[in-house]
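Chemist: Supplied structure: model26.cif, mmCIF, C-alpha atoms.
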```
data_start
#
loop_
_atom_site.label_atom_id
_atom_site.label_comp_id
_atom_site.auth_asym_id
_atom_site.auth_seq_id
_atom_site.Cartn_x
_atom_site.Cartn_y
_atom_site.Cartn_z
CA MET A 1 -36.42 127.88 -10.93
CA SER A 2 -33.25 126.05 -11.88
CA GLU A 3 -33.26 122.53 -13.32
CA LYS A 4 -32.07 121.14 -10.00
CA GLU A 5 -34.93 122.85 -8.17
CA LEU A 6 -37.48 121.65 -10.74
CA LEU A 7 -36.11 118.09 -10.47
CA ASP A 8 -36.28 118.18 -6.67
CA ARG A 9 -39.80 119.61 -6.74
CA TYR A 10 -40.95 116.99 -9.25
CA ARG A 11 -39.49 114.16 -7.18
CA ALA A 12 -41.23 115.53 -4.10
CA THR A 13 -44.63 116.26 -5.64
CA GLY A 14 -44.91 114.14 -8.78
CA SER A 15 -46.54 117.12 -10.48
CA VAL A 16 -46.72 116.64 -14.25
CA GLU A 17 -46.91 120.42 -14.59
CA VAL A 18 -43.49 120.77 -12.96
CA LEU A 19 -42.16 118.00 -15.19
CA GLY A 20 -43.58 119.85 -18.21
CA LYS A 21 -41.68 123.00 -17.25
CA LEU A 22 -38.49 120.95 -16.94
CA TYR A 23 -39.08 119.07 -20.22
CA ALA A 24 -40.41 121.85 -22.50
CA PRO A 25 -37.08 123.58 -23.25
CA TYR A 26 -35.62 120.32 -24.53
CA MET A 27 -38.43 119.13 -26.81
CA SER A 28 -36.72 120.51 -29.94
CA LEU A 29 -33.42 118.93 -28.93
CA LEU A 30 -35.15 115.59 -28.35
CA TYR A 31 -36.98 115.78 -31.64
CA GLY A 32 -33.63 116.31 -33.37
CA VAL A 33 -32.08 113.34 -31.59
CA CYS A 34 -35.05 111.13 -32.40
CA TYR A 35 -35.12 112.22 -36.03
CA LYS A 36 -31.41 111.54 -36.34
CA TYR A 37 -31.98 107.90 -35.39
CA LEU A 38 -35.51 107.16 -36.59
CA GLN A 39 -35.38 109.13 -39.87
CA ASP A 40 -39.15 109.70 -39.76
CA ALA A 41 -40.95 112.87 -38.66
CA GLU A 42 -44.07 111.21 -37.23
CA ARG A 43 -42.16 108.49 -35.40
CA SER A 44 -39.85 111.16 -33.98
CA GLN A 45 -42.80 113.21 -32.69
CA ASP A 46 -44.32 110.08 -31.16
CA ALA A 47 -40.98 109.23 -29.56
CA VAL A 48 -40.74 112.70 -27.95
CA MET A 49 -44.18 112.18 -26.39
CA GLN A 50 -43.45 108.60 -25.32
CA ILE A 51 -40.21 109.72 -23.68
CA PHE A 52 -42.13 112.36 -21.73
CA GLU A 53 -44.60 109.70 -20.56
CA GLU A 54 -41.76 107.44 -19.45
CA LEU A 55 -40.09 110.28 -17.58
CA ILE A 56 -43.12 110.52 -15.30
CA ASP A 57 -41.97 107.32 -13.58
CA LYS A 58 -38.23 107.35 -14.35
CA LEU A 59 -37.45 110.74 -12.81
CA ARG A 60 -39.10 109.78 -9.54
CA THR A 61 -36.76 106.80 -9.12
CA HIS A 62 -33.50 107.89 -10.79
CA GLU A 63 -31.04 110.34 -9.33
CA VAL A 64 -30.31 112.82 -12.12
CA LYS A 65 -27.48 115.32 -11.75
CA SER A 66 -27.48 116.92 -15.21
CA PHE A 67 -30.96 116.71 -16.71
CA LYS A 68 -29.99 117.78 -20.24
CA SER A 69 -27.21 115.18 -20.55
CA TRP A 70 -29.29 112.46 -18.94
CA LEU A 71 -32.26 113.25 -21.19
CA TYR A 72 -30.10 113.18 -24.32
CA VAL A 73 -28.72 109.75 -23.46
CA TYR A 74 -32.19 108.49 -22.50
CA ALA A 75 -33.64 109.68 -25.82
CA LYS A 76 -30.79 108.10 -27.78
CA ASN A 77 -31.26 104.77 -26.00
CA PHE A 78 -35.03 104.97 -26.50
CA CYS A 79 -34.56 105.40 -30.25
CA LEU A 80 -32.00 102.61 -30.46
CA MET A 81 -34.46 100.30 -28.73
CA GLN A 82 -37.16 101.29 -31.23
CA LEU A 83 -34.82 100.45 -34.09
CA ARG A 84 -33.93 97.14 -32.48
CA LYS A 85 -37.63 96.26 -32.19
CA ASP A 86 -38.12 97.11 -35.86
CA LYS A 87 -35.40 94.65 -36.89
CA ARG A 88 -37.20 91.76 -35.19
CA PHE A 89 -39.91 91.87 -37.81
CA GLU A 90 -38.86 91.22 -41.36
CA GLN A 91 -41.25 92.71 -43.87
CA VAL A 92 -42.00 90.49 -46.83
CA ASP A 93 -43.96 91.41 -49.93
CA ILE A 94 -46.74 88.84 -50.21
CA GLU A 95 -46.80 89.09 -54.01
CA ASP A 96 -43.21 87.88 -54.16
CA ASN A 97 -43.92 84.95 -51.87
CA LEU A 98 -47.16 83.39 -53.06
CA TYR A 99 -47.32 79.65 -52.78
CA GLU A 100 -46.88 78.11 -56.21
CA SER A 101 -49.84 75.77 -55.79
CA GLU A 102 -52.13 78.78 -55.42
CA ARG A 103 -51.13 79.88 -58.92
CA LYS A 104 -51.76 76.36 -60.23
CA LEU A 105 -55.19 76.26 -58.61
CA SER A 106 -56.26 79.52 -60.17
CA ALA A 107 -54.82 78.59 -63.58
CA GLU A 108 -56.08 75.01 -63.79
CA GLY A 109 -59.21 75.10 -61.69
CA GLU A 110 -59.28 72.33 -59.11
CA THR A 111 -55.79 70.90 -58.86
CA LYS A 112 -55.46 67.83 -56.69
CA TRP A 113 -52.84 67.81 -54.04
CA GLU A 114 -50.35 64.98 -54.22
CA GLU A 115 -49.41 62.93 -51.18
CA HIS A 116 -45.91 64.44 -51.37
CA ASP A 117 -47.43 67.95 -51.02
CA PHE A 118 -49.11 66.92 -47.77
CA GLU A 119 -45.94 65.33 -46.46
CA MET A 120 -44.00 68.53 -47.14
CA LEU A 121 -46.75 70.61 -45.58
CA GLU A 122 -46.82 68.42 -42.49
CA TYR A 123 -43.02 68.63 -42.21
CA CYS A 124 -43.18 72.45 -42.37
CA LEU A 125 -46.04 72.62 -39.89
CA GLU A 126 -44.05 70.60 -37.35
CA MET A 127 -41.55 73.48 -37.20
CA LEU A 128 -44.25 75.84 -35.89
CA ASN A 129 -45.51 76.08 -32.33
CA ALA A 130 -48.88 74.49 -31.51
CA ASP A 131 -50.96 77.67 -31.88
CA GLN A 132 -49.38 78.52 -35.22
CA GLN A 133 -49.92 74.95 -36.47
CA ARG A 134 -53.59 75.09 -35.54
CA CYS A 135 -54.04 78.44 -37.26
CA VAL A 136 -52.47 77.23 -40.51
CA ARG A 137 -54.46 74.02 -40.44
CA LEU A 138 -57.70 75.91 -40.00
CA PHE A 139 -56.97 77.84 -43.17
CA LEU A 140 -56.59 74.68 -45.21
CA PRO A 141 -60.20 73.49 -45.52
CA ARG A 142 -59.53 71.32 -48.60
CA ALA A 143 -56.75 69.51 -46.83
CA LYS A 144 -58.47 68.97 -43.47
CA MET A 145 -59.19 65.35 -44.17
CA LEU A 146 -55.53 64.50 -44.82
CA ILE A 147 -53.93 66.73 -42.22
CA ARG A 148 -54.25 66.03 -38.52
CA ILE A 149 -56.06 68.84 -36.66
#
```
Let's see the structure in the file written out as structure tokens.
Modeler:
Amino acid sequence: MSEKELLDRYRATGSVEVLGKLYAPYMSLLYGVCYKYLQDAERSQDAVMQIFEELIDKLRTHEVKSFKSWLYVYAKNFCLMQLRKDKRFEQVDIEDNLYESERKLSAEGETKWEEHDFEMLEYCLEMLNADQQRCVRLFLPRAKMLIRI
């Protein structure tokens, strides 16, 4: 069957087997496209499978004239969206960002917090949403008496 016939049959039946026949010849091409953007073998393999899963719904609702071209563009956009999602989350090494008071506590034993420390902490907490504030406050058992919960 031609691509057009496979597309028409898939739209009519929704058969994943028909979609598999349509998709299989392009898996290597898609892997290459995904690897080009994602630069990671495992993520690229996952992307190829996720794209197939998304095609199950997309091809039933979209009119596709040239499957190969459409699939290439779809895969490219899928990868770009993955990269955009990755940029939302900045990764920070916890060792480089330890709170200085934690070092003082471990070096000096029980260090008392100054009123200024609590004022700064409260100021910073006000910048968080309510759920985040509550979470941080619950992890400060020594300061519970001075910080509003």
Chemist: For the atom pair CA of Asn129 (chain A) and CA of Lys85 (chain A), what is the interatomic distance in Å to one decimal place?
Modeler: 21.7 Å
Chemist: Counting all atoms listed in the file, find residues at most 10 Å from (-33.8, 112.9, -18.4) (file frame) and give them as a ChimeraX atom specification.
Modeler: /A:7,22-23,26,51-52,54-55,58-59,62-75
Chemist: Please, could you write that set of residues out with C-alpha atoms as a PDB file, in the frame of the given file?
Modeler:
```
ATOM      1  CA  LEU A   7     -36.110 118.090 -10.470  1.00  0.00           C
ATOM      2  CA  LEU A  22     -38.490 120.950 -16.940  1.00  0.00           C
ATOM      3  CA  TYR A  23     -39.080 119.070 -20.220  1.00  0.00           C
ATOM      4  CA  TYR A  26     -35.620 120.320 -24.530  1.00  0.00           C
ATOM      5  CA  ILE A  51     -40.210 109.720 -23.680  1.00  0.00           C
ATOM      6  CA  PHE A  52     -42.130 112.360 -21.730  1.00  0.00           C
ATOM      7  CA  GLU A  54     -41.760 107.440 -19.450  1.00  0.00           C
ATOM      8  CA  LEU A  55     -40.090 110.280 -17.580  1.00  0.00           C
ATOM      9  CA  LYS A  58     -38.230 107.350 -14.350  1.00  0.00           C
ATOM     10  CA  LEU A  59     -37.450 110.740 -12.810  1.00  0.00           C
ATOM     11  CA  HIS A  62     -33.500 107.890 -10.790  1.00  0.00           C
ATOM     12  CA  GLU A  63     -31.040 110.340  -9.330  1.00  0.00           C
ATOM     13  CA  VAL A  64     -30.310 112.820 -12.120  1.00  0.00           C
ATOM     14  CA  LYS A  65     -27.480 115.320 -11.750  1.00  0.00           C
ATOM     15  CA  SER A  66     -27.480 116.920 -15.210  1.00  0.00           C
ATOM     16  CA  PHE A  67     -30.960 116.710 -16.710  1.00  0.00           C
ATOM     17  CA  LYS A  68     -29.990 117.780 -20.240  1.00  0.00           C
ATOM     18  CA  SER A  69     -27.210 115.180 -20.550  1.00  0.00           C
ATOM     19  CA  TRP A  70     -29.290 112.460 -18.940  1.00  0.00           C
ATOM     20  CA  LEU A  71     -32.260 113.250 -21.190  1.00  0.00           C
ATOM     21  CA  TYR A  72     -30.100 113.180 -24.320  1.00  0.00           C
ATOM     22  CA  VAL A  73     -28.720 109.750 -23.460  1.00  0.00           C
ATOM     23  CA  TYR A  74     -32.190 108.490 -22.500  1.00  0.00           C
ATOM     24  CA  ALA A  75     -33.640 109.680 -25.820  1.00  0.00           C
TER      25      ALA A  75
END
```
Chemist: Closest to Gly20 (chain A) among A:Ser2, A:Glu114, A:Thr61, A:Glu53, using only C-alpha atoms?
Modeler: A:Glu53
Chemist: Suppose you want the space between CA of Lys36 (chain A) and CA of Lys76 (chain A); what is it in Å?
Modeler: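 Going from CA of Lys36 (chain A) over to CA of Lys76 (chain A), I get 9.2 Å.
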Chemist: Quick one: of A:Ile56, A:Ala41, A:Leu30, A:Met49, who's nearest to Arg11 (chain A), counting all atoms listed in the file?
Modeler: A:Ile56
Chemist: Quick check, in Å to one decimal: how far apart do CA of Cys135 (chain A) and CA of His116 (chain A) lie?
Modeler: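 CA of His116 (chain A) lies at a distance of 21.5 Å from CA of Cys135 (chain A).
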Chemist: So what does the PyMOL selection byres ((chain A and resi 82) around 12) actually pick up in this one, as a PyMOL selection string?
Modeler: chain A and resi 34+37-39+43-44+46-47+50-51+75-81+83-89
Chemist: Write a file of the just-selected residues containing C-alpha atoms, as a PDB file, in the frame of the given file.
Modeler:
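File written: again33.pdb
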```pdb
ATOM      1  CA  CYS A  34     -35.050 111.130 -32.400  1.00  0.00           C
ATOM      2  CA  TYR A  37     -31.980 107.900 -35.390  1.00  0.00           C
ATOM      3  CA  LEU A  38     -35.510 107.160 -36.590  1.00  0.00           C
ATOM      4  CA  GLN A  39     -35.380 109.130 -39.870  1.00  0.00           C
ATOM      5  CA  ARG A  43     -42.160 108.490 -35.400  1.00  0.00           C
ATOM      6  CA  SER A  44     -39.850 111.160 -33.980  1.00  0.00           C
ATOM      7  CA  ASP A  46     -44.320 110.080 -31.160  1.00  0.00           C
ATOM      8  CA  ALA A  47     -40.980 109.230 -29.560  1.00  0.00           C
ATOM      9  CA  GLN A  50     -43.450 108.600 -25.320  1.00  0.00           C
ATOM     10  CA  ILE A  51     -40.210 109.720 -23.680  1.00  0.00           C
ATOM     11  CA  ALA A  75     -33.640 109.680 -25.820  1.00  0.00           C
ATOM     12  CA  LYS A  76     -30.790 108.100 -27.780  1.00  0.00           C
ATOM     13  CA  ASN A  77     -31.260 104.770 -26.000  1.00  0.00           C
ATOM     14  CA  PHE A  78     -35.030 104.970 -26.500  1.00  0.00           C
ATOM     15  CA  CYS A  79     -34.560 105.400 -30.250  1.00  0.00           C
ATOM     16  CA  LEU A  80     -32.000 102.610 -30.460  1.00  0.00           C
ATOM     17  CA  MET A  81     -34.460 100.300 -28.730  1.00  0.00           C
ATOM     18  CA  LEU A  83     -34.820 100.450 -34.090  1.00  0.00           C
ATOM     19  CA  ARG A  84     -33.930  97.140 -32.480  1.00  0.00           C
ATOM     20  CA  LYS A  85     -37.630  96.260 -32.190  1.00  0.00           C
ATOM     21  CA  ASP A  86     -38.120  97.110 -35.860  1.00  0.00           C
ATOM     22  CA  LYS A  87     -35.400  94.650 -36.890  1.00  0.00           C
ATOM     23  CA  ARG A  88     -37.200  91.760 -35.190  1.00  0.00           C
ATOM     24  CA  PHE A  89     -39.910  91.870 -37.810  1.00  0.00           C
TER      25      PHE A  89
END
```
Chemist: Of the candidates A:Val48, A:Leu6, A:Glu122, A:Glu17, which shows the shortest atom-to-atom distance to Arg134 (chain A), using only C-alpha atoms?
Modeler: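 Of A:Val48, A:Leu6, A:Glu122, A:Glu17, the one nearest Arg134 (chain A) is A:Glu122, counting only C-alpha atoms.
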